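Colleague: Structure: coords.txt, compact mmCIF, N, CA and C atoms.
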# COMPACT_ATOMS: atom_id res chain seq x y z
N MET A 1 121.35 -81.44 -140.14
CA MET A 1 121.08 -80.77 -138.87
C MET A 1 120.70 -81.82 -137.83
N PRO A 2 121.34 -81.82 -136.67
CA PRO A 2 121.04 -82.85 -135.67
C PRO A 2 119.63 -82.71 -135.11
N GLN A 3 119.05 -83.86 -134.84
CA GLN A 3 117.70 -83.91 -134.25
C GLN A 3 117.80 -83.67 -132.74
N ILE A 4 116.98 -82.77 -132.21
CA ILE A 4 116.97 -82.51 -130.77
C ILE A 4 116.01 -83.49 -130.11
N ALA A 5 116.49 -84.15 -129.07
CA ALA A 5 115.67 -85.12 -128.35
C ALA A 5 114.51 -84.40 -127.67
N PRO A 6 113.37 -85.09 -127.54
CA PRO A 6 112.23 -84.46 -126.86
C PRO A 6 112.59 -84.11 -125.41
N ARG A 7 112.02 -83.04 -124.93
CA ARG A 7 112.24 -82.58 -123.56
C ARG A 7 111.04 -82.96 -122.69
N VAL A 8 111.30 -83.09 -121.40
CA VAL A 8 110.22 -83.31 -120.43
C VAL A 8 109.32 -82.09 -120.45
N GLY A 9 108.01 -82.31 -120.49
CA GLY A 9 107.05 -81.22 -120.41
C GLY A 9 106.70 -80.95 -118.95
N ILE A 10 106.25 -79.73 -118.69
CA ILE A 10 105.92 -79.34 -117.31
C ILE A 10 104.54 -78.71 -117.29
N VAL A 11 103.72 -79.14 -116.32
CA VAL A 11 102.38 -78.58 -116.14
C VAL A 11 102.29 -78.00 -114.74
N LEU A 12 101.89 -76.74 -114.67
CA LEU A 12 101.72 -76.05 -113.40
C LEU A 12 100.24 -75.94 -113.09
N VAL A 13 99.83 -76.55 -111.98
CA VAL A 13 98.42 -76.61 -111.61
C VAL A 13 98.19 -75.73 -110.39
N SER A 14 97.33 -74.73 -110.57
CA SER A 14 97.03 -73.81 -109.49
C SER A 14 95.54 -73.55 -109.41
N HIS A 15 95.11 -73.09 -108.26
CA HIS A 15 93.73 -72.67 -108.09
C HIS A 15 93.45 -71.37 -108.84
N SER A 16 94.49 -70.65 -109.16
CA SER A 16 94.38 -69.36 -109.82
C SER A 16 94.97 -69.45 -111.23
N ALA A 17 94.18 -69.11 -112.23
CA ALA A 17 94.68 -69.11 -113.61
C ALA A 17 95.83 -68.12 -113.74
N ARG A 18 95.72 -66.97 -113.12
CA ARG A 18 96.77 -65.95 -113.24
C ARG A 18 98.07 -66.41 -112.59
N LEU A 19 97.97 -67.07 -111.45
CA LEU A 19 99.18 -67.58 -110.79
C LEU A 19 99.85 -68.64 -111.66
N ALA A 20 99.08 -69.58 -112.18
CA ALA A 20 99.64 -70.63 -113.03
C ALA A 20 100.26 -70.04 -114.29
N GLU A 21 99.57 -69.10 -114.91
CA GLU A 21 100.09 -68.48 -116.14
C GLU A 21 101.36 -67.68 -115.87
N GLY A 22 101.40 -66.96 -114.76
CA GLY A 22 102.59 -66.18 -114.42
C GLY A 22 103.79 -67.06 -114.15
N ALA A 23 103.59 -68.13 -113.40
CA ALA A 23 104.69 -69.05 -113.11
C ALA A 23 105.15 -69.76 -114.38
N ALA A 24 104.19 -70.12 -115.25
CA ALA A 24 104.55 -70.77 -116.51
C ALA A 24 105.32 -69.81 -117.41
N ASP A 25 104.93 -68.55 -117.42
CA ASP A 25 105.64 -67.55 -118.21
C ASP A 25 107.08 -67.40 -117.73
N LEU A 26 107.26 -67.28 -116.42
CA LEU A 26 108.60 -67.17 -115.84
C LEU A 26 109.45 -68.39 -116.20
N ALA A 27 108.92 -69.57 -115.94
CA ALA A 27 109.67 -70.80 -116.21
C ALA A 27 109.98 -70.94 -117.70
N GLY A 28 109.02 -70.61 -118.54
CA GLY A 28 109.25 -70.70 -119.98
C GLY A 28 110.35 -69.78 -120.46
N GLN A 29 110.40 -68.59 -119.90
CA GLN A 29 111.45 -67.64 -120.27
C GLN A 29 112.82 -68.13 -119.82
N VAL A 30 112.87 -68.73 -118.64
CA VAL A 30 114.13 -69.25 -118.12
C VAL A 30 114.68 -70.35 -119.03
N SER A 31 113.79 -71.12 -119.63
CA SER A 31 114.23 -72.21 -120.51
C SER A 31 114.55 -71.74 -121.92
N GLY A 32 114.30 -70.48 -122.19
CA GLY A 32 114.52 -69.98 -123.54
C GLY A 32 113.52 -70.54 -124.53
N GLY A 33 112.38 -71.00 -124.02
CA GLY A 33 111.35 -71.53 -124.89
C GLY A 33 111.60 -72.94 -125.38
N THR A 34 112.54 -73.65 -124.79
CA THR A 34 112.87 -75.00 -125.24
C THR A 34 112.06 -76.09 -124.56
N VAL A 35 111.29 -75.72 -123.54
CA VAL A 35 110.51 -76.68 -122.76
C VAL A 35 109.04 -76.28 -122.82
N ARG A 36 108.17 -77.26 -123.00
CA ARG A 36 106.73 -76.99 -122.94
C ARG A 36 106.34 -76.83 -121.48
N VAL A 37 106.01 -75.60 -121.10
CA VAL A 37 105.57 -75.31 -119.73
C VAL A 37 104.15 -74.78 -119.86
N LEU A 38 103.18 -75.56 -119.38
CA LEU A 38 101.78 -75.21 -119.55
C LEU A 38 101.11 -74.94 -118.21
N ALA A 39 100.21 -73.97 -118.24
CA ALA A 39 99.45 -73.60 -117.05
C ALA A 39 98.09 -74.28 -117.09
N ALA A 40 97.68 -74.79 -115.95
CA ALA A 40 96.33 -75.36 -115.79
C ALA A 40 95.79 -74.79 -114.49
N GLY A 41 95.30 -73.56 -114.57
CA GLY A 41 94.84 -72.89 -113.36
C GLY A 41 93.40 -72.45 -113.45
N GLY A 42 92.77 -72.45 -112.32
CA GLY A 42 91.39 -71.99 -112.23
C GLY A 42 90.39 -72.98 -112.79
N THR A 43 89.14 -72.58 -112.72
CA THR A 43 88.05 -73.43 -113.20
C THR A 43 87.77 -73.13 -114.68
N GLU A 44 86.94 -73.95 -115.29
CA GLU A 44 86.59 -73.76 -116.70
C GLU A 44 85.92 -72.41 -116.95
N ASP A 45 85.19 -71.90 -115.95
CA ASP A 45 84.48 -70.62 -116.13
C ASP A 45 85.29 -69.43 -115.64
N GLY A 46 86.58 -69.66 -115.36
CA GLY A 46 87.46 -68.56 -114.98
C GLY A 46 87.52 -68.27 -113.50
N GLY A 47 86.86 -69.08 -112.69
CA GLY A 47 86.86 -68.85 -111.26
C GLY A 47 88.05 -69.48 -110.56
N LEU A 48 88.08 -69.29 -109.26
CA LEU A 48 89.12 -69.86 -108.42
C LEU A 48 88.79 -71.32 -108.16
N GLY A 49 89.73 -72.19 -108.36
CA GLY A 49 89.53 -73.63 -108.17
C GLY A 49 90.42 -74.40 -109.10
N THR A 50 90.18 -75.69 -109.20
CA THR A 50 91.00 -76.53 -110.06
C THR A 50 90.10 -77.35 -110.96
N SER A 51 90.40 -77.36 -112.23
CA SER A 51 89.62 -78.08 -113.23
C SER A 51 90.36 -79.34 -113.68
N ALA A 52 89.76 -80.48 -113.44
CA ALA A 52 90.36 -81.74 -113.88
C ALA A 52 90.51 -81.76 -115.40
N GLU A 53 89.56 -81.18 -116.10
CA GLU A 53 89.62 -81.14 -117.57
C GLU A 53 90.82 -80.30 -118.03
N LYS A 54 91.03 -79.14 -117.42
CA LYS A 54 92.18 -78.31 -117.78
C LYS A 54 93.49 -79.04 -117.52
N VAL A 55 93.56 -79.71 -116.39
CA VAL A 55 94.79 -80.42 -116.04
C VAL A 55 95.05 -81.54 -117.04
N ALA A 56 94.02 -82.33 -117.35
CA ALA A 56 94.18 -83.44 -118.28
C ALA A 56 94.61 -82.95 -119.67
N ARG A 57 94.00 -81.86 -120.13
CA ARG A 57 94.38 -81.29 -121.43
C ARG A 57 95.83 -80.82 -121.42
N ALA A 58 96.22 -80.14 -120.35
CA ALA A 58 97.58 -79.62 -120.26
C ALA A 58 98.60 -80.76 -120.24
N VAL A 59 98.31 -81.82 -119.50
CA VAL A 59 99.22 -82.96 -119.44
C VAL A 59 99.38 -83.57 -120.84
N ALA A 60 98.28 -83.75 -121.54
CA ALA A 60 98.34 -84.31 -122.89
C ALA A 60 99.13 -83.39 -123.83
N ASP A 61 98.91 -82.09 -123.73
CA ASP A 61 99.59 -81.13 -124.60
C ASP A 61 101.07 -80.97 -124.27
N ALA A 62 101.44 -81.21 -123.02
CA ALA A 62 102.84 -81.06 -122.60
C ALA A 62 103.70 -82.24 -123.00
N GLU A 63 103.09 -83.37 -123.26
CA GLU A 63 103.85 -84.58 -123.59
C GLU A 63 104.47 -84.47 -124.97
N ALA A 64 105.79 -84.50 -124.99
CA ALA A 64 106.52 -84.42 -126.26
C ALA A 64 107.32 -85.69 -126.51
N GLY A 65 107.13 -86.69 -125.64
CA GLY A 65 107.84 -87.95 -125.80
C GLY A 65 108.81 -88.27 -124.69
N ALA A 66 109.01 -87.34 -123.75
CA ALA A 66 109.96 -87.57 -122.65
C ALA A 66 109.27 -87.59 -121.30
N GLY A 67 107.95 -87.51 -121.28
CA GLY A 67 107.21 -87.51 -120.03
C GLY A 67 106.83 -86.11 -119.61
N VAL A 68 106.03 -86.05 -118.54
CA VAL A 68 105.51 -84.79 -118.04
C VAL A 68 105.65 -84.74 -116.53
N LEU A 69 106.13 -83.60 -116.06
CA LEU A 69 106.20 -83.34 -114.62
C LEU A 69 105.06 -82.39 -114.28
N VAL A 70 104.29 -82.72 -113.25
CA VAL A 70 103.18 -81.87 -112.82
C VAL A 70 103.51 -81.30 -111.45
N LEU A 71 103.38 -79.98 -111.35
CA LEU A 71 103.61 -79.28 -110.08
C LEU A 71 102.32 -78.59 -109.68
N PRO A 72 101.67 -79.06 -108.60
CA PRO A 72 100.46 -78.41 -108.12
C PRO A 72 100.77 -77.38 -107.04
N ASP A 73 99.84 -76.44 -106.83
CA ASP A 73 100.09 -75.47 -105.76
C ASP A 73 99.71 -76.06 -104.40
N LEU A 74 98.46 -76.42 -104.18
CA LEU A 74 98.07 -76.94 -102.87
C LEU A 74 96.72 -77.62 -102.91
N GLY A 75 96.39 -78.27 -101.80
CA GLY A 75 95.08 -78.84 -101.54
C GLY A 75 94.46 -79.64 -102.66
N SER A 76 93.31 -79.15 -103.15
CA SER A 76 92.55 -79.91 -104.14
C SER A 76 93.30 -80.04 -105.47
N ALA A 77 94.24 -79.16 -105.76
CA ALA A 77 95.02 -79.31 -106.98
C ALA A 77 95.81 -80.62 -106.91
N VAL A 78 96.36 -80.92 -105.76
CA VAL A 78 97.10 -82.18 -105.56
C VAL A 78 96.14 -83.36 -105.73
N LEU A 79 94.97 -83.28 -105.12
CA LEU A 79 94.00 -84.37 -105.19
C LEU A 79 93.53 -84.62 -106.61
N ILE A 80 93.31 -83.56 -107.37
CA ILE A 80 92.87 -83.72 -108.76
C ILE A 80 93.96 -84.36 -109.60
N VAL A 81 95.20 -83.95 -109.42
CA VAL A 81 96.29 -84.56 -110.17
C VAL A 81 96.40 -86.04 -109.80
N LEU A 82 96.31 -86.37 -108.53
CA LEU A 82 96.36 -87.78 -108.12
C LEU A 82 95.25 -88.59 -108.77
N ALA A 83 94.05 -88.03 -108.85
CA ALA A 83 92.92 -88.72 -109.48
C ALA A 83 93.17 -88.94 -110.96
N ILE A 84 93.72 -87.94 -111.62
CA ILE A 84 94.02 -88.07 -113.05
C ILE A 84 95.07 -89.16 -113.27
N LEU A 85 96.09 -89.18 -112.45
CA LEU A 85 97.14 -90.20 -112.58
C LEU A 85 96.59 -91.60 -112.31
N GLU A 86 95.66 -91.70 -111.39
CA GLU A 86 95.05 -92.99 -111.08
C GLU A 86 94.24 -93.50 -112.27
N ASP A 87 93.62 -92.58 -113.01
CA ASP A 87 92.82 -92.95 -114.17
C ASP A 87 93.66 -93.22 -115.41
N ALA A 88 94.94 -92.93 -115.35
CA ALA A 88 95.83 -93.12 -116.51
C ALA A 88 97.05 -93.95 -116.12
N PRO A 89 96.82 -95.20 -115.70
CA PRO A 89 97.96 -96.03 -115.30
C PRO A 89 98.92 -96.22 -116.47
N GLY A 90 100.19 -96.17 -116.16
CA GLY A 90 101.19 -96.36 -117.20
C GLY A 90 101.58 -95.07 -117.91
N ALA A 91 100.87 -93.98 -117.64
CA ALA A 91 101.23 -92.71 -118.25
C ALA A 91 102.61 -92.29 -117.74
N HIS A 92 103.33 -91.62 -118.56
CA HIS A 92 104.69 -91.17 -118.22
C HIS A 92 104.60 -89.78 -117.58
N VAL A 93 103.91 -89.74 -116.42
CA VAL A 93 103.64 -88.48 -115.72
C VAL A 93 104.05 -88.64 -114.27
N VAL A 94 104.73 -87.62 -113.74
CA VAL A 94 105.16 -87.64 -112.34
C VAL A 94 104.62 -86.40 -111.65
N LEU A 95 104.11 -86.58 -110.46
CA LEU A 95 103.65 -85.49 -109.60
C LEU A 95 104.78 -85.15 -108.65
N ALA A 96 105.20 -83.89 -108.65
CA ALA A 96 106.31 -83.47 -107.80
C ALA A 96 105.81 -82.79 -106.54
N ASP A 97 106.43 -83.12 -105.43
CA ASP A 97 106.19 -82.44 -104.15
C ASP A 97 107.26 -81.36 -104.05
N ALA A 98 106.94 -80.19 -104.57
CA ALA A 98 107.94 -79.13 -104.68
C ALA A 98 107.29 -77.77 -104.48
N PRO A 99 108.08 -76.78 -104.09
CA PRO A 99 107.54 -75.42 -104.02
C PRO A 99 107.14 -74.99 -105.43
N PHE A 100 106.04 -74.26 -105.54
CA PHE A 100 105.45 -73.99 -106.85
C PHE A 100 106.37 -73.21 -107.79
N VAL A 101 106.81 -72.05 -107.41
CA VAL A 101 107.62 -71.22 -108.32
C VAL A 101 109.04 -71.74 -108.41
N GLU A 102 109.69 -71.94 -107.27
CA GLU A 102 111.07 -72.39 -107.28
C GLU A 102 111.20 -73.76 -107.95
N GLY A 103 110.24 -74.64 -107.66
CA GLY A 103 110.24 -75.96 -108.27
C GLY A 103 110.04 -75.89 -109.77
N ALA A 104 109.14 -75.01 -110.21
CA ALA A 104 108.90 -74.85 -111.65
C ALA A 104 110.16 -74.38 -112.36
N VAL A 105 110.85 -73.41 -111.79
CA VAL A 105 112.06 -72.89 -112.42
C VAL A 105 113.15 -73.96 -112.43
N ALA A 106 113.38 -74.63 -111.31
CA ALA A 106 114.41 -75.66 -111.24
C ALA A 106 114.11 -76.80 -112.22
N ALA A 107 112.85 -77.21 -112.29
CA ALA A 107 112.47 -78.29 -113.20
C ALA A 107 112.67 -77.87 -114.65
N THR A 108 112.29 -76.66 -114.97
CA THR A 108 112.39 -76.19 -116.34
C THR A 108 113.84 -76.07 -116.79
N VAL A 109 114.69 -75.53 -115.94
CA VAL A 109 116.12 -75.43 -116.27
C VAL A 109 116.69 -76.82 -116.51
N THR A 110 116.33 -77.76 -115.67
CA THR A 110 116.84 -79.12 -115.79
C THR A 110 116.31 -79.79 -117.05
N ALA A 111 115.03 -79.59 -117.34
CA ALA A 111 114.44 -80.15 -118.57
C ALA A 111 115.09 -79.54 -119.80
N ALA A 112 115.37 -78.25 -119.76
CA ALA A 112 116.00 -77.57 -120.89
C ALA A 112 117.38 -78.14 -121.18
N ALA A 113 118.05 -78.64 -120.16
CA ALA A 113 119.37 -79.24 -120.33
C ALA A 113 119.28 -80.65 -120.91
N GLY A 114 118.05 -81.16 -121.08
CA GLY A 114 117.86 -82.47 -121.68
C GLY A 114 117.76 -83.62 -120.70
N ALA A 115 117.60 -83.31 -119.41
CA ALA A 115 117.53 -84.36 -118.39
C ALA A 115 116.25 -85.19 -118.54
N ASP A 116 116.28 -86.38 -117.98
CA ASP A 116 115.10 -87.24 -118.03
C ASP A 116 114.10 -86.85 -116.95
N LEU A 117 112.94 -87.50 -116.99
CA LEU A 117 111.84 -87.15 -116.09
C LEU A 117 112.23 -87.30 -114.62
N LYS A 118 112.95 -88.33 -114.29
CA LYS A 118 113.36 -88.55 -112.90
C LYS A 118 114.24 -87.39 -112.41
N ALA A 119 115.19 -86.97 -113.23
CA ALA A 119 116.09 -85.87 -112.84
C ALA A 119 115.34 -84.54 -112.77
N VAL A 120 114.38 -84.34 -113.65
CA VAL A 120 113.59 -83.10 -113.63
C VAL A 120 112.75 -83.05 -112.35
N ALA A 121 112.14 -84.17 -111.98
CA ALA A 121 111.36 -84.23 -110.74
C ALA A 121 112.25 -84.00 -109.53
N GLN A 122 113.43 -84.59 -109.55
CA GLN A 122 114.36 -84.43 -108.43
C GLN A 122 114.79 -82.97 -108.29
N ALA A 123 115.04 -82.30 -109.40
CA ALA A 123 115.43 -80.89 -109.36
C ALA A 123 114.31 -80.04 -108.76
N ALA A 124 113.08 -80.33 -109.15
CA ALA A 124 111.94 -79.58 -108.59
C ALA A 124 111.84 -79.79 -107.09
N GLU A 125 111.96 -81.03 -106.65
CA GLU A 125 111.82 -81.34 -105.23
C GLU A 125 112.98 -80.81 -104.40
N GLU A 126 114.16 -80.74 -104.99
CA GLU A 126 115.31 -80.19 -104.27
C GLU A 126 115.17 -78.68 -104.06
N ALA A 127 114.26 -78.07 -104.78
CA ALA A 127 114.05 -76.62 -104.63
C ALA A 127 113.51 -76.28 -103.23
N TRP A 128 113.04 -77.26 -102.47
CA TRP A 128 112.64 -77.01 -101.08
C TRP A 128 113.81 -76.46 -100.28
N HIS A 129 115.02 -76.78 -100.70
CA HIS A 129 116.21 -76.40 -99.96
C HIS A 129 116.81 -75.09 -100.43
N ALA A 130 116.22 -74.47 -101.43
CA ALA A 130 116.76 -73.22 -101.96
C ALA A 130 116.51 -72.09 -100.95
N ARG A 131 117.58 -71.53 -100.45
CA ARG A 131 117.46 -70.44 -99.47
C ARG A 131 117.42 -69.10 -100.20
N LYS A 132 116.70 -68.19 -99.65
CA LYS A 132 116.62 -66.84 -100.23
C LYS A 132 117.49 -65.84 -99.49
N LEU A 133 117.79 -66.13 -98.25
CA LEU A 133 118.63 -65.26 -97.43
C LEU A 133 119.71 -66.07 -96.74
Kindly transcribe the structure held in the file into structure tokens.
Modeller:
Amino acid sequence: MPQIAPRVGIVLVSHSARLAEGAADLAGQVSGGTVRVLAAGGTEDGGLGTSAEKVARAVADAEAGAGVLVLPDLGSAVLIVLAILEDAPGAHVVLADAPFVEGAVAATVTAAAGADLKAVAQAAEEAWHARKL
């Protein structure tokens, strides 16, 4: 039986645990469960905010050997991810400037196809151009 190459993992960082979990659920279903899509939303006590500990755990858990793409929602989520990346030089982690839901879906579909981290990040960022009407 052929060995399947590791896929890029994806971490969705939101101020809301429910928003992050919902987007991760959607993206995970789109990939058919072939991509690790993890939610890191809310604070440790379940409140609104961003937890550096949750983000760091999710990034570590998402890594399957092909790197991790992190998609934050806004504001302090971006700052926390930047701080984590600064503390982990050399980590195979990329922060994407992408719309949260559309970027998550585009990244997950691309990761499911076996693309590398650069292509997965590019797919997420290109989602800015996805028109709805």
Colleague: Identify, on the basis of all atoms listed in the file, every residue whose closest approach to region 9-24 of chain A does not exceed 6.5 Å; exclude the query and any residue fewer than 4 positions from it along the same chain; express the result as a ChimeraX atom specification.
Modeller: /A:28-29,35-43,47-50,58-59,62-64,66-74,77,101
Colleague: Please save N, CA and C atoms of the selected residues as a compact mmCIF listing (two decimals), in the coordinates of the input.
Modeller:
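Wrote it out as out_25.txt, contents follow:
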# COMPACT_ATOMS: atom_id res chain seq x y z
N GLY A 28 109.02 -70.61 -118.54
CA GLY A 28 109.25 -70.70 -119.98
C GLY A 28 110.35 -69.78 -120.46
N GLN A 29 110.40 -68.59 -119.90
CA GLN A 29 111.45 -67.64 -120.27
C GLN A 29 112.82 -68.13 -119.82
N VAL A 35 111.29 -75.72 -123.54
CA VAL A 35 110.51 -76.68 -122.76
C VAL A 35 109.04 -76.28 -122.82
N ARG A 36 108.17 -77.26 -123.00
CA ARG A 36 106.73 -76.99 -122.94
C ARG A 36 106.34 -76.83 -121.48
N VAL A 37 106.01 -75.60 -121.10
CA VAL A 37 105.57 -75.31 -119.73
C VAL A 37 104.15 -74.78 -119.86
N LEU A 38 103.18 -75.56 -119.38
CA LEU A 38 101.78 -75.21 -119.55
C LEU A 38 101.11 -74.94 -118.21
N ALA A 39 100.21 -73.97 -118.24
CA ALA A 39 99.45 -73.60 -117.05
C ALA A 39 98.09 -74.28 -117.09
N ALA A 40 97.68 -74.79 -115.95
CA ALA A 40 96.33 -75.36 -115.79
C ALA A 40 95.79 -74.79 -114.49
N GLY A 41 95.30 -73.56 -114.57
CA GLY A 41 94.84 -72.89 -113.36
C GLY A 41 93.40 -72.45 -113.45
N GLY A 42 92.77 -72.45 -112.32
CA GLY A 42 91.39 -71.99 -112.23
C GLY A 42 90.39 -72.98 -112.79
N THR A 43 89.14 -72.58 -112.72
CA THR A 43 88.05 -73.43 -113.20
C THR A 43 87.77 -73.13 -114.68
N GLY A 47 86.86 -69.08 -112.69
CA GLY A 47 86.86 -68.85 -111.26
C GLY A 47 88.05 -69.48 -110.56
N LEU A 48 88.08 -69.29 -109.26
CA LEU A 48 89.12 -69.86 -108.42
C LEU A 48 88.79 -71.32 -108.16
N GLY A 49 89.73 -72.19 -108.36
CA GLY A 49 89.53 -73.63 -108.17
C GLY A 49 90.42 -74.40 -109.10
N THR A 50 90.18 -75.69 -109.20
CA THR A 50 91.00 -76.53 -110.06
C THR A 50 90.10 -77.35 -110.96
N ALA A 58 96.22 -80.14 -120.35
CA ALA A 58 97.58 -79.62 -120.26
C ALA A 58 98.60 -80.76 -120.24
N VAL A 59 98.31 -81.82 -119.50
CA VAL A 59 99.22 -82.96 -119.44
C VAL A 59 99.38 -83.57 -120.84
N ALA A 62 101.44 -81.21 -123.02
CA ALA A 62 102.84 -81.06 -122.60
C ALA A 62 103.70 -82.24 -123.00
N GLU A 63 103.09 -83.37 -123.26
CA GLU A 63 103.85 -84.58 -123.59
C GLU A 63 104.47 -84.47 -124.97
N ALA A 64 105.79 -84.50 -124.99
CA ALA A 64 106.52 -84.42 -126.26
C ALA A 64 107.32 -85.69 -126.51
N ALA A 66 109.01 -87.34 -123.75
CA ALA A 66 109.96 -87.57 -122.65
C ALA A 66 109.27 -87.59 -121.30
N GLY A 67 107.95 -87.51 -121.28
CA GLY A 67 107.21 -87.51 -120.03
C GLY A 67 106.83 -86.11 -119.61
N VAL A 68 106.03 -86.05 -118.54
CA VAL A 68 105.51 -84.79 -118.04
C VAL A 68 105.65 -84.74 -116.53
N LEU A 69 106.13 -83.60 -116.06
CA LEU A 69 106.20 -83.34 -114.62
C LEU A 69 105.06 -82.39 -114.28
N VAL A 70 104.29 -82.72 -113.25
CA VAL A 70 103.18 -81.87 -112.82
C VAL A 70 103.51 -81.30 -111.45
N LEU A 71 103.38 -79.98 -111.35
CA LEU A 71 103.61 -79.28 -110.08
C LEU A 71 102.32 -78.59 -109.68
N PRO A 72 101.67 -79.06 -108.60
CA PRO A 72 100.46 -78.41 -108.12
C PRO A 72 100.77 -77.38 -107.04
N ASP A 73 99.84 -76.44 -106.83
CA ASP A 73 100.09 -75.47 -105.76
C ASP A 73 99.71 -76.06 -104.40
N LEU A 74 98.46 -76.42 -104.18
CA LEU A 74 98.07 -76.94 -102.87
C LEU A 74 96.72 -77.62 -102.91
N ALA A 77 94.24 -79.16 -105.76
CA ALA A 77 95.02 -79.31 -106.98
C ALA A 77 95.81 -80.62 -106.91
N VAL A 101 106.81 -72.05 -107.41
CA VAL A 101 107.62 -71.22 -108.32
C VAL A 101 109.04 -71.74 -108.41
Colleague: Hey, could you make a per-residue contact list for region 72-94 of chain A against region 117-127 of chain A with 9 Å as the cut-off, showing the nearest pair of atoms and its distance in Å to one decimal, counting only C-alpha atoms, sorted by chain and number, as a tab-separated table?
Modeller:
residue	atom	partner	partner_atom	distance
A:His92	CA	A:Leu117	CA	8.5
A:Val93	CA	A:Leu117	CA	8.3
A:Val94	CA	A:Ala121	CA	7.3
Colleague: Using only C-alpha atoms, can you tell me which of A:Asp61, A:Arg7, A:Ala52, A:Phe100 comes closest to Leu85 (chain A)?
Modeller: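 Checking each of A:Asp61, A:Arg7, A:Ala52, A:Phe100 against Leu85 (chain A), counting only C-alpha atoms, the winner is A:Ala52.
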Colleague: Between CA of Val78 (chain A) and atom N of Val55 (chain A), what is the distance in Å, rounded to a tenth?
Modeller: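 Separating CA of Val78 (chain A) from atom N of Val55 (chain A) is a distance of 11.7 Å.
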Colleague: Apply DSSP to the structure's backbone, then extract all residues of chain A labelled strand (DSSP E or B) and return them as number ranges by chain.
Modeller: A: 9-14, 37-42, 50, 68-72, 93-95
